[in-house]
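Pasting my_file29.tsv here (TSV, C-alpha atoms and all ligand atoms):
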chain	number	residue	atom	x	y	z
H	1	MET	CA	120.57	264.17	-35.70
H	2	GLU	CA	122.41	260.88	-36.11
H	3	LYS	CA	121.71	258.53	-33.23
H	4	LYS	CA	124.54	257.90	-30.77
H	5	PHE	CA	126.73	254.76	-30.76
H	6	GLU	CA	124.85	253.12	-27.84
H	7	THR	CA	121.49	253.61	-29.54
H	8	ARG	CA	122.65	252.39	-32.93
H	9	ALA	CA	124.22	249.29	-31.37
H	10	ILE	CA	120.80	248.40	-29.96
H	11	ARG	CA	118.28	249.77	-32.43
H	12	GLU	CA	119.97	249.02	-35.72
H	13	GLN	CA	118.12	245.86	-36.62
H	14	ALA	CA	117.38	244.23	-39.91
H	15	ALA	CA	113.87	243.32	-41.02
H	16	ARG	CA	111.79	241.28	-38.62
H	17	SER	CA	110.22	238.02	-39.70
H	18	GLN	CA	106.46	237.39	-39.90
H	19	HIS	CA	106.46	236.57	-36.17
H	20	ARG	CA	107.26	240.18	-35.24
H	21	GLU	CA	109.85	239.06	-32.66
H	22	HIS	CA	111.38	241.85	-30.57
H	23	SER	CA	114.79	240.25	-30.06
H	24	VAL	CA	117.07	239.47	-33.01
H	25	PRO	CA	115.90	236.17	-34.54
H	26	LEU	CA	118.22	233.23	-35.17
H	27	TYR	CA	118.23	231.58	-38.59
H	28	LEU	CA	119.95	228.29	-37.92
H	29	THR	CA	119.82	226.74	-41.36
H	30	SER	CA	122.46	225.52	-43.73
H	31	SER	CA	120.52	226.22	-46.91
H	32	PHE	CA	117.50	228.08	-48.29
H	33	VAL	CA	114.75	226.88	-50.64
H	34	PHE	CA	114.06	228.18	-54.12
H	35	ASP	CA	110.57	228.97	-55.41
H	36	SER	CA	111.25	227.11	-58.64
H	37	ALA	CA	114.04	225.69	-60.74
H	38	GLU	CA	114.18	229.00	-62.54
H	39	HIS	CA	114.46	230.94	-59.25
H	40	GLY	CA	117.36	228.70	-58.20
H	41	GLN	CA	119.06	229.41	-61.50
H	42	ALA	CA	118.55	233.16	-61.11
H	43	LEU	CA	119.97	233.15	-57.55
H	44	PHE	CA	123.07	231.27	-58.68
H	45	ALA	CA	123.52	233.55	-61.66
H	46	GLY	CA	123.26	236.61	-59.42
H	47	ASP	CA	120.15	237.81	-61.30
H	48	ALA	CA	117.99	237.55	-58.17
H	49	GLU	CA	118.74	238.69	-54.60
H	50	GLY	CA	118.46	236.15	-51.83
H	51	ASN	CA	120.10	233.58	-49.64
H	52	VAL	CA	121.28	230.33	-51.15
H	53	TYR	CA	123.53	228.56	-48.69
H	54	SER	CA	124.98	229.66	-45.33
H	55	ARG	CA	128.57	229.43	-46.51
H	56	TYR	CA	127.62	232.33	-48.81
H	57	SER	CA	125.21	234.34	-46.68
H	58	ASN	CA	122.68	233.94	-43.88
H	59	PRO	CA	120.29	236.47	-42.27
H	60	SER	CA	121.82	236.02	-38.78
H	61	THR	CA	125.34	236.50	-40.14
H	62	ASP	CA	124.20	239.49	-42.22
H	63	GLU	CA	122.64	241.06	-39.15
H	64	PHE	CA	125.99	240.88	-37.31
H	65	ILE	CA	127.89	242.25	-40.33
H	66	ARG	CA	125.45	245.12	-40.80
H	67	LYS	CA	125.76	246.09	-37.16
H	68	ILE	CA	129.57	246.07	-37.28
H	69	CYS	CA	129.53	248.19	-40.46
H	70	GLU	CA	127.16	250.62	-38.79
H	71	LEU	CA	129.42	250.96	-35.72
H	72	GLU	CA	132.71	251.12	-37.65
H	73	GLY	CA	131.23	253.54	-40.18
H	74	THR	CA	131.97	251.42	-43.20
H	75	GLU	CA	130.21	249.86	-46.15
H	76	ASP	CA	130.36	246.10	-46.17
H	77	GLY	CA	131.86	243.11	-44.39
H	78	ILE	CA	132.43	239.39	-44.07
H	79	ALA	CA	131.91	237.44	-40.87
H	80	THR	CA	134.37	234.64	-40.18
H	81	ALA	CA	134.63	231.73	-37.77
H	82	SER	CA	137.47	233.35	-35.81
H	83	GLY	CA	139.59	236.48	-35.68
H	84	MET	CA	142.44	234.66	-37.40
H	85	ALA	CA	140.16	233.65	-40.28
H	86	ALA	CA	139.35	237.37	-40.66
H	87	VAL	CA	143.06	238.30	-40.70
H	88	PHE	CA	143.86	235.54	-43.21
H	89	VAL	CA	140.93	236.34	-45.52
H	90	SER	CA	141.81	240.05	-45.45
H	91	LEU	CA	145.31	239.29	-46.75
H	92	ALA	CA	145.04	236.11	-48.83
H	93	GLY	CA	141.83	237.28	-50.51
H	94	LEU	CA	143.54	240.35	-51.96
H	95	LEU	CA	147.19	239.61	-52.52
H	96	ASN	CA	148.99	237.91	-55.38
H	97	SER	CA	152.28	236.13	-55.62
H	98	GLY	CA	155.05	238.76	-55.57
H	99	ASP	CA	153.12	241.25	-53.42
H	100	HIS	CA	154.62	242.76	-50.28
H	101	ILE	CA	153.06	243.82	-46.95
H	102	LEU	CA	154.31	246.49	-44.57
H	103	VAL	CA	153.51	245.41	-41.00
H	104	ALA	CA	153.84	247.07	-37.62
H	105	ARG	CA	156.14	244.86	-35.59
H	106	ALA	CA	153.96	244.50	-32.49
H	107	ILE	CA	151.43	242.07	-33.85
H	108	PHE	CA	149.26	239.18	-32.62
H	109	GLY	CA	151.17	235.87	-32.42
H	110	SER	CA	149.17	233.97	-35.07
H	111	THR	CA	149.26	236.95	-37.45
H	112	HIS	CA	153.05	236.77	-37.16
H	113	GLN	CA	152.87	233.05	-38.04
H	114	ILE	CA	150.71	233.75	-41.13
H	115	LEU	CA	153.19	236.40	-42.30
H	116	THR	CA	156.37	234.46	-41.61
H	117	GLN	CA	155.35	230.81	-42.18
H	118	LEU	CA	152.35	230.69	-44.51
H	119	LEU	CA	152.20	233.64	-46.93
H	120	PRO	CA	155.84	233.17	-48.03
H	121	ARG	CA	154.75	229.77	-49.48
H	122	TRP	CA	152.79	231.80	-52.06
H	123	ASN	CA	155.63	234.28	-52.47
H	124	ILE	CA	153.93	237.04	-50.49
H	125	SER	CA	156.54	238.80	-48.38
H	126	HIS	CA	156.48	241.37	-45.59
H	127	THR	CA	158.70	243.85	-43.78
H	128	TYR	CA	158.30	244.69	-40.13
H	129	ILE	CA	158.37	248.36	-39.19
H	130	ASP	CA	158.60	250.00	-35.81
H	131	ALA	CA	155.24	251.65	-35.30
H	132	THR	CA	156.63	254.58	-33.36
H	133	LEU	CA	159.49	255.38	-35.77
H	134	THR	CA	157.22	256.68	-38.52
H	135	ASP	CA	160.05	258.47	-40.35
H	136	LYS	CA	161.52	255.02	-41.17
H	137	TRP	CA	158.37	253.66	-42.83
H	138	LYS	CA	159.13	255.18	-46.22
H	139	ALA	CA	162.45	253.36	-46.51
H	140	ALA	CA	160.68	250.01	-46.01
H	141	LEU	CA	158.39	250.52	-49.00
H	142	ARG	CA	158.90	248.52	-52.18
H	143	PRO	CA	157.33	248.96	-55.61
H	144	GLU	CA	155.30	245.81	-54.89
H	145	THR	CA	154.04	246.91	-51.42
H	146	ARG	CA	150.24	246.75	-51.44
H	147	VAL	CA	149.10	246.60	-47.82
H	148	LEU	CA	149.92	248.39	-44.57
H	149	PHE	CA	148.79	246.16	-41.71
H	150	LEU	CA	148.59	247.53	-38.16
H	151	GLU	CA	147.32	246.58	-34.75
H	152	THR	CA	146.62	249.36	-32.25
H	153	PRO	CA	146.77	249.05	-29.29
H	154	SER	CA	148.95	246.01	-29.80
H	155	ASN	CA	148.60	242.69	-28.02
H	156	PRO	CA	150.18	242.37	-25.52
H	157	GLY	CA	152.61	245.33	-25.46
H	158	LEU	CA	149.87	247.99	-25.71
H	159	GLU	CA	151.91	249.95	-28.20
H	160	LEU	CA	149.92	252.53	-30.13
H	161	ILE	CA	150.11	253.58	-33.76
H	162	ASP	CA	149.17	257.05	-34.92
H	163	LEU	CA	146.14	256.32	-37.10
H	164	GLU	CA	146.05	259.79	-38.60
H	165	PHE	CA	149.64	259.41	-39.79
H	166	ALA	CA	149.02	255.85	-40.98
H	167	GLY	CA	145.94	256.93	-42.96
H	168	LYS	CA	147.87	259.68	-44.74
H	169	PHE	CA	150.89	257.44	-45.35
H	170	ALA	CA	148.71	254.72	-46.89
H	171	LYS	CA	146.96	257.21	-49.13
H	172	GLU	CA	150.17	258.90	-50.30
H	173	ASN	CA	151.74	255.56	-51.14
H	174	ASN	CA	148.68	253.89	-52.60
H	175	LEU	CA	148.50	251.17	-49.94
H	176	ILE	CA	145.49	249.38	-48.55
H	177	LEU	CA	145.39	250.24	-44.84
H	178	ASN	CA	144.21	247.27	-42.80
H	179	VAL	CA	143.77	247.76	-39.03
H	180	ASP	CA	143.24	245.03	-36.42
H	181	ASN	CA	140.91	246.95	-34.08
H	182	CYS	CA	140.37	244.07	-31.66
H	183	PHE	CA	141.67	245.70	-28.46
H	184	ALA	CA	139.79	248.96	-28.90
H	185	THR	CA	136.49	247.73	-30.41
H	186	PRO	CA	134.51	250.24	-32.50
H	187	TYR	CA	133.29	251.82	-29.27
H	188	LEU	CA	136.73	253.15	-28.28
H	189	GLN	CA	138.30	253.75	-31.69
H	190	GLN	CA	137.19	253.85	-35.32
H	191	PRO	CA	140.02	253.53	-37.85
H	192	VAL	CA	137.85	254.19	-40.95
H	193	PRO	CA	137.55	258.00	-40.57
H	194	TYR	CA	141.39	258.10	-40.40
H	195	GLY	CA	141.57	256.37	-43.77
H	196	ALA	CA	141.55	252.65	-43.00
H	197	ASP	CA	140.29	250.65	-45.97
H	198	LEU	CA	139.75	247.49	-43.96
H	199	VAL	CA	139.19	246.81	-40.26
H	200	VAL	CA	139.53	243.32	-38.81
H	201	HIS	CA	138.27	242.08	-35.47
H	202	SER	CA	138.54	239.05	-33.32
H	203	ALA	CA	134.92	239.13	-32.11
H	204	THR	CA	135.95	236.40	-29.67
H	205	LYS	CA	137.27	239.07	-27.31
H	206	PHE	CA	135.32	242.15	-26.20
H	207	ILE	CA	132.63	241.91	-28.87
H	208	ASP	CA	131.37	238.61	-27.46
H	209	GLY	CA	132.64	239.79	-24.12
H	210	GLN	CA	131.41	236.75	-22.27
H	211	GLY	CA	133.89	234.08	-23.31
H	212	ARG	CA	131.38	231.98	-25.25
H	213	THR	CA	132.16	231.93	-28.94
H	214	LEU	CA	134.93	232.42	-31.45
H	215	GLY	CA	134.21	234.85	-34.24
H	216	GLY	CA	135.74	237.40	-36.54
H	217	VAL	CA	134.87	240.05	-39.04
H	218	VAL	CA	136.51	242.04	-41.84
H	219	ALA	CA	134.73	245.28	-42.67
H	220	GLY	CA	135.61	247.97	-45.15
H	221	LYS	CA	135.25	249.43	-48.61
H	222	ALA	CA	132.65	247.62	-50.72
H	223	GLU	CA	134.99	247.03	-53.67
H	224	LEU	CA	137.61	245.35	-51.43
H	225	ILE	CA	135.02	243.30	-49.56
H	226	GLU	CA	133.65	242.10	-52.90
H	227	LYS	CA	137.05	240.55	-53.70
H	228	LEU	CA	137.35	239.06	-50.22
H	229	ARG	CA	133.82	237.67	-50.50
H	230	PHE	CA	134.76	235.60	-53.55
H	231	PHE	CA	137.70	234.17	-51.61
H	232	ALA	CA	135.65	233.51	-48.46
H	233	ARG	CA	132.67	231.94	-50.26
H	234	HIS	CA	134.82	229.39	-51.96
H	235	THR	CA	137.29	228.64	-49.17
H	236	GLY	CA	134.62	228.48	-46.45
H	237	PRO	CA	135.73	230.28	-43.25
H	238	ALA	CA	132.07	231.28	-42.64
H	239	LEU	CA	130.86	232.21	-39.16
H	240	SER	CA	128.18	229.91	-37.77
H	241	PRO	CA	124.75	231.64	-37.80
H	242	PHE	CA	124.37	230.69	-34.14
H	243	ASN	CA	127.61	232.44	-33.19
H	244	ALA	CA	126.63	235.42	-35.36
H	245	TRP	CA	123.37	235.67	-33.43
H	246	VAL	CA	125.25	235.55	-30.09
H	247	LEU	CA	127.59	238.28	-31.32
H	248	SER	CA	124.75	240.51	-32.59
H	249	LYS	CA	123.15	240.38	-29.17
H	250	SER	CA	126.53	241.09	-27.56
H	251	LEU	CA	126.96	244.28	-29.58
H	252	GLU	CA	123.84	245.67	-27.90
H	253	THR	CA	125.72	245.78	-24.59
H	254	LEU	CA	129.20	246.61	-25.91
H	255	ALA	CA	129.24	250.23	-24.74
H	256	VAL	CA	128.22	249.58	-21.12
H	257	ARG	CA	130.55	246.63	-20.85
H	258	MET	CA	133.51	248.54	-22.31
H	259	ASP	CA	132.91	251.45	-19.93
H	260	ARG	CA	133.27	249.08	-16.97
H	261	HIS	CA	136.22	247.14	-18.47
H	262	CYS	CA	138.05	250.44	-18.98
H	263	GLU	CA	137.19	251.81	-15.55
H	264	ASN	CA	138.40	248.61	-13.84
H	265	ALA	CA	141.57	248.38	-15.95
H	266	LEU	CA	142.53	251.99	-15.20
H	267	GLU	CA	141.99	251.61	-11.49
H	268	LEU	CA	143.97	248.36	-11.38
H	269	ALA	CA	146.77	250.00	-13.40
H	270	ARG	CA	146.92	252.88	-10.92
H	271	PHE	CA	147.12	250.42	-8.03
H	272	LEU	CA	149.90	248.41	-9.69
H	273	GLU	CA	151.93	251.54	-10.39
H	274	LYS	CA	152.30	252.01	-6.64
H	275	GLN	CA	153.67	248.52	-5.98
H	276	PRO	CA	157.46	248.39	-5.43
H	277	GLU	CA	157.97	244.88	-6.88
H	278	ILE	CA	156.59	246.01	-10.23
H	279	THR	CA	158.91	247.94	-12.53
H	280	ARG	CA	156.63	249.11	-15.27
H	281	VAL	CA	152.88	249.26	-15.78
H	282	ARG	CA	151.60	249.93	-19.24
H	283	TYR	CA	148.06	251.11	-19.93
H	284	PRO	CA	147.14	253.62	-22.68
H	285	PHE	CA	145.30	256.00	-20.33
H	286	LEU	CA	148.03	256.14	-17.65
H	287	PRO	CA	149.97	259.41	-18.01
H	288	SER	CA	153.18	257.31	-17.75
H	289	HIS	CA	152.40	255.55	-21.06
H	290	PRO	CA	154.93	256.88	-23.61
H	291	GLN	CA	152.09	257.52	-26.06
H	292	TYR	CA	149.57	258.90	-23.56
H	293	ALA	CA	148.82	261.99	-25.67
H	294	LEU	CA	148.16	259.86	-28.75
H	295	ALA	CA	145.93	257.53	-26.73
H	296	ARG	CA	143.85	260.46	-25.50
H	297	ASN	CA	143.64	261.73	-29.04
H	298	GLN	CA	142.49	258.62	-30.88
H	299	MET	CA	140.83	256.47	-28.20
H	300	LYS	CA	137.73	257.21	-26.15
H	301	GLN	CA	139.14	255.25	-23.18
H	302	GLY	CA	142.17	253.04	-22.56
H	303	GLY	CA	140.64	249.58	-23.12
H	304	GLY	CA	140.29	246.54	-20.89
H	305	VAL	CA	143.84	245.20	-20.96
H	306	LEU	CA	146.97	246.20	-19.06
H	307	VAL	CA	150.46	244.74	-18.80
H	308	PHE	CA	153.17	245.02	-16.17
H	309	ASP	CA	156.64	243.75	-15.48
H	310	PHE	CA	158.18	242.14	-12.44
H	311	SER	CA	161.63	243.48	-11.73
H	312	SER	CA	162.79	240.01	-10.70
H	313	GLY	CA	161.58	238.45	-13.96
H	314	PHE	CA	160.19	235.08	-15.03
H	315	ASN	CA	159.83	233.35	-11.65
H	316	ALA	CA	158.28	236.35	-9.90
H	317	ALA	CA	155.70	236.64	-12.70
H	318	ARG	CA	154.86	232.94	-12.56
H	319	ASN	CA	154.68	232.90	-8.74
H	320	PHE	CA	152.32	235.87	-8.80
H	321	ILE	CA	150.06	234.08	-11.28
H	322	ASP	CA	149.99	230.92	-9.17
H	323	GLN	CA	149.04	232.86	-6.03
H	324	LEU	CA	145.92	234.41	-7.57
H	325	GLN	CA	142.73	232.95	-6.15
H	326	MET	CA	139.99	234.61	-8.19
H	327	LEU	CA	141.51	235.71	-11.50
H	328	SER	CA	141.46	232.98	-14.15
H	329	ILE	CA	144.73	231.79	-15.67
H	330	SER	CA	143.88	231.64	-19.36
H	331	SER	CA	145.07	232.92	-22.71
H	332	ASN	CA	141.79	234.61	-23.62
H	333	LEU	CA	140.86	238.22	-22.92
H	334	GLY	CA	137.81	240.45	-23.07
H	335	ASP	CA	135.67	238.24	-20.84
H	336	THR	CA	133.39	239.20	-17.92
H	337	ARG	CA	135.94	237.32	-15.78
H	338	SER	CA	139.31	238.91	-15.15
H	339	ILE	CA	142.06	236.86	-16.78
H	340	VAL	CA	145.79	236.72	-16.18
H	341	THR	CA	148.24	235.60	-18.89
H	342	HIS	CA	151.99	235.08	-19.04
H	343	PRO	CA	152.65	235.94	-22.73
H	344	ALA	CA	156.30	234.81	-22.92
H	345	SER	CA	155.47	231.20	-22.00
H	346	THR	CA	152.04	230.92	-23.68
H	347	THR	CA	150.59	233.19	-26.41
H	348	HIS	CA	153.99	234.36	-27.63
H	349	SER	CA	156.08	231.27	-26.81
H	350	LYS	CA	156.50	230.45	-30.54
H	351	LEU	CA	158.43	233.67	-31.13
H	352	THR	CA	162.20	233.65	-30.76
H	353	GLU	CA	163.73	235.43	-27.76
H	354	GLU	CA	164.84	238.29	-30.05
H	355	GLU	CA	161.39	238.63	-31.59
H	356	ARG	CA	159.84	238.82	-28.12
H	357	GLN	CA	162.38	241.40	-27.04
H	358	ALA	CA	161.68	243.54	-30.10
H	359	VAL	CA	158.04	243.88	-29.08
H	360	GLY	CA	158.68	244.29	-25.36
H	361	ILE	CA	157.57	240.83	-24.20
H	362	THR	CA	159.99	240.33	-21.34
H	363	PRO	CA	160.12	237.11	-19.26
H	364	GLY	CA	158.55	239.00	-16.33
H	365	LEU	CA	155.66	240.48	-18.32
H	366	VAL	CA	152.13	239.75	-17.08
H	367	ARG	CA	148.94	240.65	-18.95
H	368	ILE	CA	145.63	241.19	-17.19
H	369	SER	CA	142.31	241.51	-18.96
H	370	ALA	CA	140.19	243.38	-16.42
H	371	GLY	CA	136.78	241.76	-16.16
H	372	LEU	CA	133.48	243.07	-14.91
H	373	GLU	CA	133.77	241.87	-11.30
H	374	HIS	CA	133.76	244.59	-8.63
H	375	ILE	CA	137.08	246.44	-8.74
H	376	ASP	CA	137.58	245.99	-4.97
H	377	ASP	CA	137.58	242.21	-5.42
H	378	ILE	CA	139.94	242.36	-8.40
H	379	ILE	CA	142.43	244.57	-6.54
H	380	SER	CA	142.16	242.53	-3.37
H	381	ASP	CA	143.04	239.31	-5.23
H	382	VAL	CA	145.96	240.97	-7.02
H	383	ALA	CA	147.19	242.52	-3.74
H	384	GLN	CA	147.16	239.23	-1.83
H	385	ALA	CA	149.02	237.48	-4.67
H	386	LEU	CA	151.66	240.22	-4.75
H	387	HIS	CA	152.25	240.24	-1.02
H	388	HIS	CA	152.07	236.51	-0.51
G	401	LIG	C1	142.79	237.14	-30.30
G	401	LIG	C2	143.27	238.05	-31.33
G	401	LIG	C3	143.26	237.67	-32.68
G	401	LIG	C4	142.79	236.31	-33.12
G	401	LIG	O1	141.44	236.08	-32.89
G	401	LIG	P1	140.79	234.62	-32.70
G	401	LIG	O2	139.34	234.92	-32.57
G	401	LIG	O3	141.41	234.02	-31.48
G	401	LIG	O4	141.11	233.83	-33.91
G	401	LIG	C5	143.71	238.58	-33.62
G	401	LIG	N1	144.17	239.79	-33.25
G	401	LIG	C6	144.20	240.19	-31.96
G	401	LIG	C7	144.72	241.53	-31.62
G	401	LIG	C8	143.77	239.33	-30.95
G	401	LIG	O5	143.82	239.72	-29.68

Rewrite the structure of this file - the entire thing - as structure tokens.
Amino acid sequence: MEKKFETRAIREQAARSQHREHSVPLYLTSSFVFDSAEHGQALFAGDAEGNVYSRYSNPSTDEFIRKICELEGTEDGIATASGMAAVFVSLAGLLNSGDHILVARAIFGSTHQILTQLLPRWNISHTYIDATLTDKWKAALRPETRVLFLETPSNPGLELIDLEFAGKFAKENNLILNVDNCFATPYLQQPVPYGADLVVHSATKFIDGQGRTLGGVVAGKAELIEKLRFFARHTGPALSPFNAWVLSKSLETLAVRMDRHCENALELARFLEKQPEITRVRYPFLPSHPQYALARNQMKQGGGVLVFDFSSGFNAARNFIDQLQMLSISSNLGDTRSIVTHPASTTHSKLTEEERQAVGITPGLVRISAGLEHIDDIISDVAQALHH
């Protein structure tokens, strides 16, 4: 019988060193020595297996990659210094001038900047599609469309995309399906069995889970990763071995942490739904979420993030944030500490008003990343800020 997710996240460990350490060792080194001039030549020529230089590979980084591949159910991967480096490598490492990308509209702010401000400089274009209007996707295809890029659930609108449909659509139209699985983590949702060719993560969020390091990873089909590896080795977005080691250790506790994040987020969402000054609460596992059935179908639980809207808009949202005593005001998410964010004035402030509206980021929208504090203390802080 295949071991369960929790067990694999802990027990899947690469070879131990001669010291027989129990915990995952850290290989903090920039380069590796060769046995001889000839050995060095063979390593560079690819005729011998082994580490050469940590921009190329490193045992601590490999350990993290192997663990992610194990949990996502895929073949190979590349670890990067941040989630954005993973997104960029996954696109720029594959595409050529003239290529076109189909993208679900509700997308992370910096991904939007890459698509609209950077890739067009190399003549790589994109078309935004509405994730929920799947019958319109076909019309957005072009002969030169090569990639379908999705984020589900989306940040911050918590819009879902039907992965089963997306997998079939990509296959039928010969597209590379690339899914940003950051909000769900491999514990709550695995895009690969639905047909995703690549999965990208910001490991900075729930994978680290303790607000310590930036990190990212692209995992997927070996032949695609091979192309991305050439790009990454020579452009240098490598993850630090130290951060890779932190992230490997973090994966051992991912399941228990996610269970609590999800439990706290759901309970807070239920509480907020009862508050008269709040017009709309969105959380994938609330029955009021327009895609509740889809969420139950493709996610194990609803995730650690929820968003809600103040009926009286911008000032009410900002006043609420300023009245909080325990929750941290920050732009990060997926930390042990609960965090409150006002997307319209921070993470998504670079978008135009119309772009924000299109993805449901209203001036009164507030995002909370439910931490691992006791739920009574989280609710009590939110309640006092609301009723201040
Ligand atoms: C944070 C985030 C990113 C970017 O990750 P960094 O580690 O901050 O570079 C990409 N996608 C999603 C969905 C995110 O939440």

Shell of 8 Å around ligand LIG 401 (chain G) (all atoms listed in the file), written as a ChimeraX atom specification: /H:81-87,107-108,110-111,151,154-155,180-183,201-205,214-216,332-333

message: Give me, as number ranges by chain, all polymer residues having an atom no more than 10 Å from segment 316-327 of chain H, counting all atoms listed in the file and skipping those fewer than 2 positions away in the same chain.
response: H: 277-278, 308-314, 329-330, 337-342, 345, 363-366, 368-371, 373, 377-378, 380-388

Convert the current residue selection to file output with C-alpha atoms, as a PDB file, keeping the file's coordinate frame.
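The resulting file, again_7.pdb, is shown below:
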ATOM      1  CA  GLU H 277     157.970 244.880  -6.880  1.00  0.00           C
ATOM      2  CA  ILE H 278     156.590 246.010 -10.230  1.00  0.00           C
ATOM      3  CA  PHE H 308     153.170 245.020 -16.170  1.00  0.00           C
ATOM      4  CA  ASP H 309     156.640 243.750 -15.480  1.00  0.00           C
ATOM      5  CA  PHE H 310     158.180 242.140 -12.440  1.00  0.00           C
ATOM      6  CA  SER H 311     161.630 243.480 -11.730  1.00  0.00           C
ATOM      7  CA  SER H 312     162.790 240.010 -10.700  1.00  0.00           C
ATOM      8  CA  GLY H 313     161.580 238.450 -13.960  1.00  0.00           C
ATOM      9  CA  PHE H 314     160.190 235.080 -15.030  1.00  0.00           C
ATOM     10  CA  ILE H 329     144.730 231.790 -15.670  1.00  0.00           C
ATOM     11  CA  SER H 330     143.880 231.640 -19.360  1.00  0.00           C
ATOM     12  CA  ARG H 337     135.940 237.320 -15.780  1.00  0.00           C
ATOM     13  CA  SER H 338     139.310 238.910 -15.150  1.00  0.00           C
ATOM     14  CA  ILE H 339     142.060 236.860 -16.780  1.00  0.00           C
ATOM     15  CA  VAL H 340     145.790 236.720 -16.180  1.00  0.00           C
ATOM     16  CA  THR H 341     148.240 235.600 -18.890  1.00  0.00           C
ATOM     17  CA  HIS H 342     151.990 235.080 -19.040  1.00  0.00           C
ATOM     18  CA  SER H 345     155.470 231.200 -22.000  1.00  0.00           C
ATOM     19  CA  PRO H 363     160.120 237.110 -19.260  1.00  0.00           C
ATOM     20  CA  GLY H 364     158.550 239.000 -16.330  1.00  0.00           C
ATOM     21  CA  LEU H 365     155.660 240.480 -18.320  1.00  0.00           C
ATOM     22  CA  VAL H 366     152.130 239.750 -17.080  1.00  0.00           C
ATOM     23  CA  ILE H 368     145.630 241.190 -17.190  1.00  0.00           C
ATOM     24  CA  SER H 369     142.310 241.510 -18.960  1.00  0.00           C
ATOM     25  CA  ALA H 370     140.190 243.380 -16.420  1.00  0.00           C
ATOM     26  CA  GLY H 371     136.780 241.760 -16.160  1.00  0.00           C
ATOM     27  CA  GLU H 373     133.770 241.870 -11.300  1.00  0.00           C
ATOM     28  CA  ASP H 377     137.580 242.210  -5.420  1.00  0.00           C
ATOM     29  CA  ILE H 378     139.940 242.360  -8.400  1.00  0.00           C
ATOM     30  CA  SER H 380     142.160 242.530  -3.370  1.00  0.00           C
ATOM     31  CA  ASP H 381     143.040 239.310  -5.230  1.00  0.00           C
ATOM     32  CA  VAL H 382     145.960 240.970  -7.020  1.00  0.00           C
ATOM     33  CA  ALA H 383     147.190 242.520  -3.740  1.00  0.00           C
ATOM     34  CA  GLN H 384     147.160 239.230  -1.830  1.00  0.00           C
ATOM     35  CA  ALA H 385     149.020 237.480  -4.670  1.00  0.00           C
ATOM     36  CA  LEU H 386     151.660 240.220  -4.750  1.00  0.00           C
ATOM     37  CA  HIS H 387     152.250 240.240  -1.020  1.00  0.00           C
ATOM     38  CA  HIS H 388     152.070 236.510  -0.510  1.00  0.00           C
TER      39      HIS H 388
END

- prompt: Looking at all atoms listed in the file, which of H:Leu286, H:Ala244, H:Ile65, H:Ala184 is the one that sits closest to Gly220 of chain H?
  reply: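 For Gly220 of chain H, the nearest of the given residues is H:Ile65.
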
From H:Glu159, H:Asp135, H:Glu63, H:Asp376, residue lying nearest Leu247 of chain H [all atoms listed in the file]: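 Distance minimum relative to Leu247 of chain H lands on H:Glu63.
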
- prompt: Suppose you want the space between atom CA of Thr152 of chain H and atom CA of Tyr128 of chain H; what is it in Å?
  reply: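 These two atoms are separated by 14.8 Å.
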
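Here atom CA of Glu21 of chain H is placed at a distance of 26.3 Å from atom CA of Gly211 of chain H.
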
task: Could you tell me which of H:Leu43, H:Leu163, H:Ile101, H:Cys69 comes closest to Ala222 of chain H if we count only C-alpha atoms?
output: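 Among H:Leu43, H:Leu163, H:Ile101, H:Cys69, it is H:Cys69 that comes nearest to Ala222 of chain H.
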
query: Please, what distance in Å, to one decimal, runs between atom CA of Ala106 of chain H and atom CA of Val281 of chain H?
result: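 Atom CA of Ala106 of chain H sits 17.4 Å away from atom CA of Val281 of chain H.
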
- request: Please return, as a list in words, all polymer residues that have at least one atom within 8 Å of the point (127.1, 229.6, -48.4); use only C-alpha atoms and the file's own coordinate frame.
  value: Ser30, Ser31, Val52, Tyr53, Ser54, Arg55, Tyr56, Ser57, Asn58, Arg233, Gly236 and Ala238 of chain H

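Shown here are all protein and nucleic acid residues lying within 12 Å of (144.2, 262.6, -44.9), with all atoms listed in the file considered: Leu163, Glu164, Phe165, Ala166, Gly167, Lys168, Phe169, Ala170, Lys171, Glu172, Val192, Pro193, Tyr194, Gly195 and Ala196 of chain H.
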
Those residues with C-alpha atoms, as a PDB file, keeping the file's coordinate frame please?
ATOM      1  CA  LEU H 163     146.140 256.320 -37.100  1.00  0.00           C
ATOM      2  CA  GLU H 164     146.050 259.790 -38.600  1.00  0.00           C
ATOM      3  CA  PHE H 165     149.640 259.410 -39.790  1.00  0.00           C
ATOM      4  CA  ALA H 166     149.020 255.850 -40.980  1.00  0.00           C
ATOM      5  CA  GLY H 167     145.940 256.930 -42.960  1.00  0.00           C
ATOM      6  CA  LYS H 168     147.870 259.680 -44.740  1.00  0.00           C
ATOM      7  CA  PHE H 169     150.890 257.440 -45.350  1.00  0.00           C
ATOM      8  CA  ALA H 170     148.710 254.720 -46.890  1.00  0.00           C
ATOM      9  CA  LYS H 171     146.960 257.210 -49.130  1.00  0.00           C
ATOM     10  CA  GLU H 172     150.170 258.900 -50.300  1.00  0.00           C
ATOM     11  CA  VAL H 192     137.850 254.190 -40.950  1.00  0.00           C
ATOM     12  CA  PRO H 193     137.550 258.000 -40.570  1.00  0.00           C
ATOM     13  CA  TYR H 194     141.390 258.100 -40.400  1.00  0.00           C
ATOM     14  CA  GLY H 195     141.570 256.370 -43.770  1.00  0.00           C
ATOM     15  CA  ALA H 196     141.550 252.650 -43.000  1.00  0.00           C
TER      16      ALA H 196
END

message: So that I can check the surroundings of Val218 of chain H, please list as an MDAnalysis selection string every protein, DNA and RNA residue that reaches within 7 Å of it, counting all atoms listed in the file and ignoring chain neighbours fewer than 6 positions away.
response: chainID H and resid 77:79 86 90 198:201
